[in-house]
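Note sheet for the following structure.
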Amino acid sequence: MKILFIGEIVARPGRSVVKEVLPEVLENEKPDLVLSNAENLAHGRGATAGTIEEMQELGIEFFTGGDHLFWHKGFDKEIGNLPVIRPANIKDDLPGDGYRVLETKVGKVLIINVMSINSHKYSELNLTNPYLKVEEILEKTADQDVAVSVVDFHADYTSDKHAMGFFLDGRVDAVLGTHSHVPTCDNRVLPKGTMYVTDVGMCGNIDSVLGVKKEIIIDRVVYSQKEKFEWELNGRRAFRSIIVDTTKKEIRRFDKEVI
Ligand SMILES: [Fe+2]
Ligand SMILES: [Fe+2]
């Protein structure tokens, strides 16, 4: 089975670069399943039913989330009807599921989304242990005849992500990191067979700080000014993705910059 996981699609530049690049990737790779992380899809933070549908029309079939997923008012009421999961280790009072077993023409795919607790800004989300949460979900789904399992671990620290990869090595097919918006080139097969990458990266503007106008972030970090975030809409964009081939036991990047 071949799975294409597209890096976090950030705001309008992210959606436009996906629109421009995805058709050629689908044509060349012919993936069995296309996934992406939707937490920055609409206006750079959160997702909406409209932007999810826009991406579905391009061929993305299912989405994971992260700390920003519920940014837009009303998404908590929409998520139940959309092909989207949110981190499973958010305490139970948020709507939506943290994992899903998808039926595809080549077998069932288990997708799990969890988020690291190692960042103070997440404290309001009442996160529980993401490692044990994945174990719990694997136990719960053990009798479901799953052909392929994929974990999206949404985390800042590269060490957290490596630990997750080795913790799950041999127990899931792929551990793919998201959240940093920066693509890493450490994609590899771990010793017991799990395919791993620390971060898929983002689809969006690359002459920005993770999608945000660089001047705003420079003012914040250099002069402690607190300007509102604005997304960089002009300039170079990149499409970032990971291709996981469970038959060939291969994990590779597909990245493309677009002017
Ligand atoms: Fe993000
Ligand atoms: Fe995030």
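Chain labels A, B, ... are given in the sequence in which chains occur in the structure tokens; within each chain residues are numbered consecutively from 1, and ligands are likewise numbered from 1 in the order shown.
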Would you list the residues that come within 10 Å of ligand 2? Count only C-alpha atoms and all ligand atoms and give the answer as a ChimeraX atom specification.
-> /A:8,37-40,45-46,65-69,115,122,154-156,178-181
For the residues selected in the previous step, produce a file with N, CA and C atoms as a tab-separated table (two decimals), in the first residue's frame.
```
chain	number	residue	atom	x	y	z
A	8	GLU	N	1.44	19.83	6.73
A	8	GLU	CA	0.43	20.80	7.14
A	8	GLU	C	0.22	21.89	6.08
A	37	ASN	N	-2.44	17.00	7.27
A	37	ASN	CA	-2.78	17.58	8.57
A	37	ASN	C	-3.45	18.93	8.31
A	38	ALA	N	-4.64	19.11	8.91
A	38	ALA	CA	-5.50	20.26	8.57
A	38	ALA	C	-5.48	21.39	9.60
A	39	GLU	N	-4.56	21.34	10.56
A	39	GLU	CA	-4.70	22.29	11.68
A	39	GLU	C	-4.46	23.76	11.30
A	40	ASN	N	-3.82	24.01	10.15
A	40	ASN	CA	-3.58	25.40	9.72
A	40	ASN	C	-4.26	25.73	8.39
A	45	ARG	N	-4.93	29.19	10.82
A	45	ARG	CA	-5.19	28.51	12.10
A	45	ARG	C	-6.54	27.83	12.02
A	46	GLY	N	-6.54	26.56	12.34
A	46	GLY	CA	-7.81	25.83	12.34
A	46	GLY	C	-8.25	25.41	10.95
A	65	GLY	N	-5.10	16.43	12.90
A	65	GLY	CA	-5.15	17.80	13.45
A	65	GLY	C	-4.01	18.06	14.43
A	66	GLY	N	-4.22	19.10	15.23
A	66	GLY	CA	-3.20	19.50	16.20
A	66	GLY	C	-3.75	20.56	17.12
A	67	ASP	N	-2.85	21.33	17.73
A	67	ASP	CA	-3.24	22.32	18.75
A	67	ASP	C	-4.16	23.42	18.22
A	68	HIS	N	-4.08	23.72	16.90
A	68	HIS	CA	-4.89	24.83	16.37
A	68	HIS	C	-6.20	24.38	15.72
A	69	LEU	N	-6.48	23.09	15.74
A	69	LEU	CA	-7.57	22.57	14.90
A	69	LEU	C	-8.93	23.23	15.16
A	115	MET	N	-0.68	14.21	20.38
A	115	MET	CA	0.07	15.47	20.51
A	115	MET	C	0.96	15.41	21.75
A	122	TYR	N	0.24	24.02	25.60
A	122	TYR	CA	-0.76	22.98	25.45
A	122	TYR	C	-1.51	22.69	26.74
A	154	HIS	N	2.05	15.00	16.75
A	154	HIS	CA	2.12	16.46	16.63
A	154	HIS	C	2.94	16.98	17.81
A	155	ALA	N	4.17	17.40	17.56
A	155	ALA	CA	5.06	17.70	18.68
A	155	ALA	C	6.16	18.69	18.29
A	156	ASP	N	6.58	19.48	19.29
A	156	ASP	CA	7.70	20.40	19.09
A	156	ASP	C	9.04	19.69	19.10
A	178	THR	N	4.50	15.97	12.88
A	178	THR	CA	4.00	17.25	12.37
A	178	THR	C	4.15	18.30	13.47
A	179	HIS	N	3.79	19.53	13.16
A	179	HIS	CA	3.74	20.69	14.06
A	179	HIS	C	4.87	21.69	13.87
A	180	SER	N	6.09	21.23	13.57
A	180	SER	CA	7.18	22.22	13.50
A	180	SER	C	7.11	23.05	12.21
A	181	HIS	N	6.40	22.57	11.20
A	181	HIS	CA	6.31	23.21	9.88
A	181	HIS	C	7.63	23.15	9.11
```
Extract, using only C-alpha atoms, all DNA, RNA and protein residues at most 10 Å from A:Val18, discarding same-chain residues fewer than 6 positions from it, and format them as a PyMOL selection string.
-> chain A and resi 6-7+9+12+25+55+58+60+203-204+237-240
For ligand 1, which of A:Pro191, A:Gly74, A:Gly44, A:Gly98 is the closest residue, counting only C-alpha atoms and all ligand atoms?
->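 Closest to ligand 1 of all the choices is A:Gly44.
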Would you list the contacts of A:Val114 as a list in words, taking every protein, DNA or RNA residue within 7 Å and counting only C-alpha atoms, but skipping same-chain residues closer than 4 positions in sequence?
->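 Non-adjacent residues within range: Pro87, Ala88, Asn89, Pro130, Asp152, Phe153 and His154 of chain A.
Take the candidates A:Glu232, A:Asn205, A:Tyr99, A:Ile52 and check each one against A:Ile217 using only C-alpha atoms; the shortest distance goes to A:Glu232.
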Neighbour list for A:Phe75 as a VMD selection string, cut-off 10 Å, only C-alpha atoms, skip fewer than 4 positions in-chain | chain A and resid 46 to 49 69 to 71 79 to 80 82 95 to 96
Would you list the contacts of A:Val84 as a PyMOL selection string, taking every protein, DNA or RNA residue within 7 Å and counting only C-alpha atoms, but skipping same-chain residues closer than 3 positions in sequence?
-> chain A and resi 62-64+79
Closest to A:Ser149 among A:Glu124, A:Glu215, A:Asp169, A:Glu20, using only C-alpha atoms?
->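 Selected residue with least distance to A:Ser149: A:Asp169.
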For A:Pro183, which of A:Asp255, A:Glu139, A:Val151, A:Pro83 is the closest residue, counting only C-alpha atoms?
->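 For A:Pro183, the nearest of the given residues is A:Asp255.
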From a DSSP pass on the backbone, collect the residues of stretch 36-179 of chain A flagged as alpha helix (DSSP H) and hand them back as a short mmCIF file (atom, residue, chain, number, x, y, z; two decimals) with C-alpha atoms, in the first residue's frame.
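Saved result, out-v8.cif, follows:
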```cif
data_model
loop_
_atom_site.label_atom_id
_atom_site.label_comp_id
_atom_site.auth_asym_id
_atom_site.auth_seq_id
_atom_site.Cartn_x
_atom_site.Cartn_y
_atom_site.Cartn_z
CA ALA A 49 -15.86 22.60 6.50
CA GLY A 50 -15.35 24.72 3.36
CA THR A 51 -11.55 24.42 3.28
CA ILE A 52 -11.73 20.68 4.04
CA GLU A 53 -14.11 20.24 1.09
CA GLU A 54 -11.81 22.34 -1.13
CA MET A 55 -8.93 19.94 -0.35
CA GLN A 56 -11.13 16.85 -0.76
CA GLU A 57 -11.93 18.00 -4.26
CA LEU A 58 -8.20 17.99 -5.02
CA PHE A 75 -15.66 23.62 14.06
CA ASP A 76 -16.37 21.57 17.17
CA LYS A 77 -19.88 21.09 15.84
CA GLU A 78 -18.69 20.32 12.29
CA PRO A 130 0.42 10.42 24.10
CA TYR A 131 2.57 7.27 24.17
CA LEU A 132 0.18 5.33 26.40
CA LYS A 133 -2.79 6.71 24.44
CA VAL A 134 -1.43 5.15 21.22
CA GLU A 135 -0.94 1.83 23.05
CA GLU A 136 -4.51 2.00 24.31
CA ILE A 137 -5.84 2.61 20.77
CA LEU A 138 -3.74 -0.25 19.35
CA GLU A 139 -5.20 -2.60 21.97
CA LYS A 140 -8.73 -1.35 21.26
CA THR A 158 12.54 16.20 17.98
CA SER A 159 13.45 14.00 20.95
CA ASP A 160 9.77 13.34 21.75
CA LYS A 161 9.22 12.30 18.16
CA HIS A 162 12.23 9.98 18.02
CA ALA A 163 11.10 8.41 21.30
CA MET A 164 7.64 7.81 19.80
CA GLY A 165 9.19 6.23 16.71
CA PHE A 166 11.26 3.77 18.74
CA PHE A 167 8.43 3.18 21.27
#
```
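Atom CA of A:Gly235 is found 6.7 Å from atom CA of A:Asp207.
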Write down as a compact mmCIF listing (two decimals) with C-alpha atoms, in the first residue's frame the residues belonging to stretch 16-100 of chain A that are assigned strand (DSSP E or B) by DSSP computed on the backbone.
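What landed in out_26.txt:
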```txt
# COMPACT_ATOMS: atom_id res chain seq x y z
CA LEU A 33 -4.54 6.85 0.18
CA VAL A 34 -3.89 10.61 0.50
CA LEU A 35 -3.70 12.21 3.94
CA SER A 36 -2.79 15.61 5.32
CA ASN A 37 -2.78 17.58 8.57
CA PHE A 62 -8.55 12.21 5.28
CA PHE A 63 -7.05 14.72 7.71
CA THR A 64 -5.35 14.80 11.10
CA VAL A 84 -10.95 14.73 10.21
CA ILE A 90 -7.03 15.70 24.50
CA TYR A 99 -8.31 7.73 15.58
CA ARG A 100 -10.19 6.15 12.70
```
Mind checking which residues fall within 12 Å of A:Ile216, counting only C-alpha atoms, ignoring those fewer than 2 positions away in the same chain, and posting them as a list of chain:residue names?
->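 The neighbour list is A:Ser208, A:Val209, A:Leu210, A:Gly211, A:Val212, A:Lys213, A:Lys214, A:Ile218, A:Asp219, A:Arg220, A:Val221, A:Val222, A:Tyr223, A:Ser224, A:Gln225, A:Lys226, A:Glu227, A:Lys228, A:Phe229, A:Glu230, A:Trp231, A:Glu232.
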So which one's closest to ligand 1, A:Glu29, A:Met202, A:Val172, A:Phe5? Using only C-alpha atoms and all ligand atoms, please.
->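 Closest to ligand 1 of all the choices is A:Met202.
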Nearest to A:Thr128 by atom-to-atom distance, counting only C-alpha atoms, from A:Asp245, A:Asp92, A:Glu103, A:Glu250 =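 Looking only at the distances to A:Thr128, the closest residue turns out to be A:Asp92.
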Suppose you want the space between atom CA of A:Ala42 and atom CA of A:Val10; what is it in Å?
-> 7.5 Å
Coordinates-based distance that separates atom CA of A:Ser116 from atom CA of A:Glu257 (Å, one decimal) =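 A separation of 29.3 Å between them.
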Residues within 12 Å of A:Ile3, only C-alpha atoms, excluding chain neighbours under 5 positions, as an MDAnalysis selection string = chainID A and resid 25:26 29:36 60:62 104 106 109 111 148:150 173:174 176 195 241:253
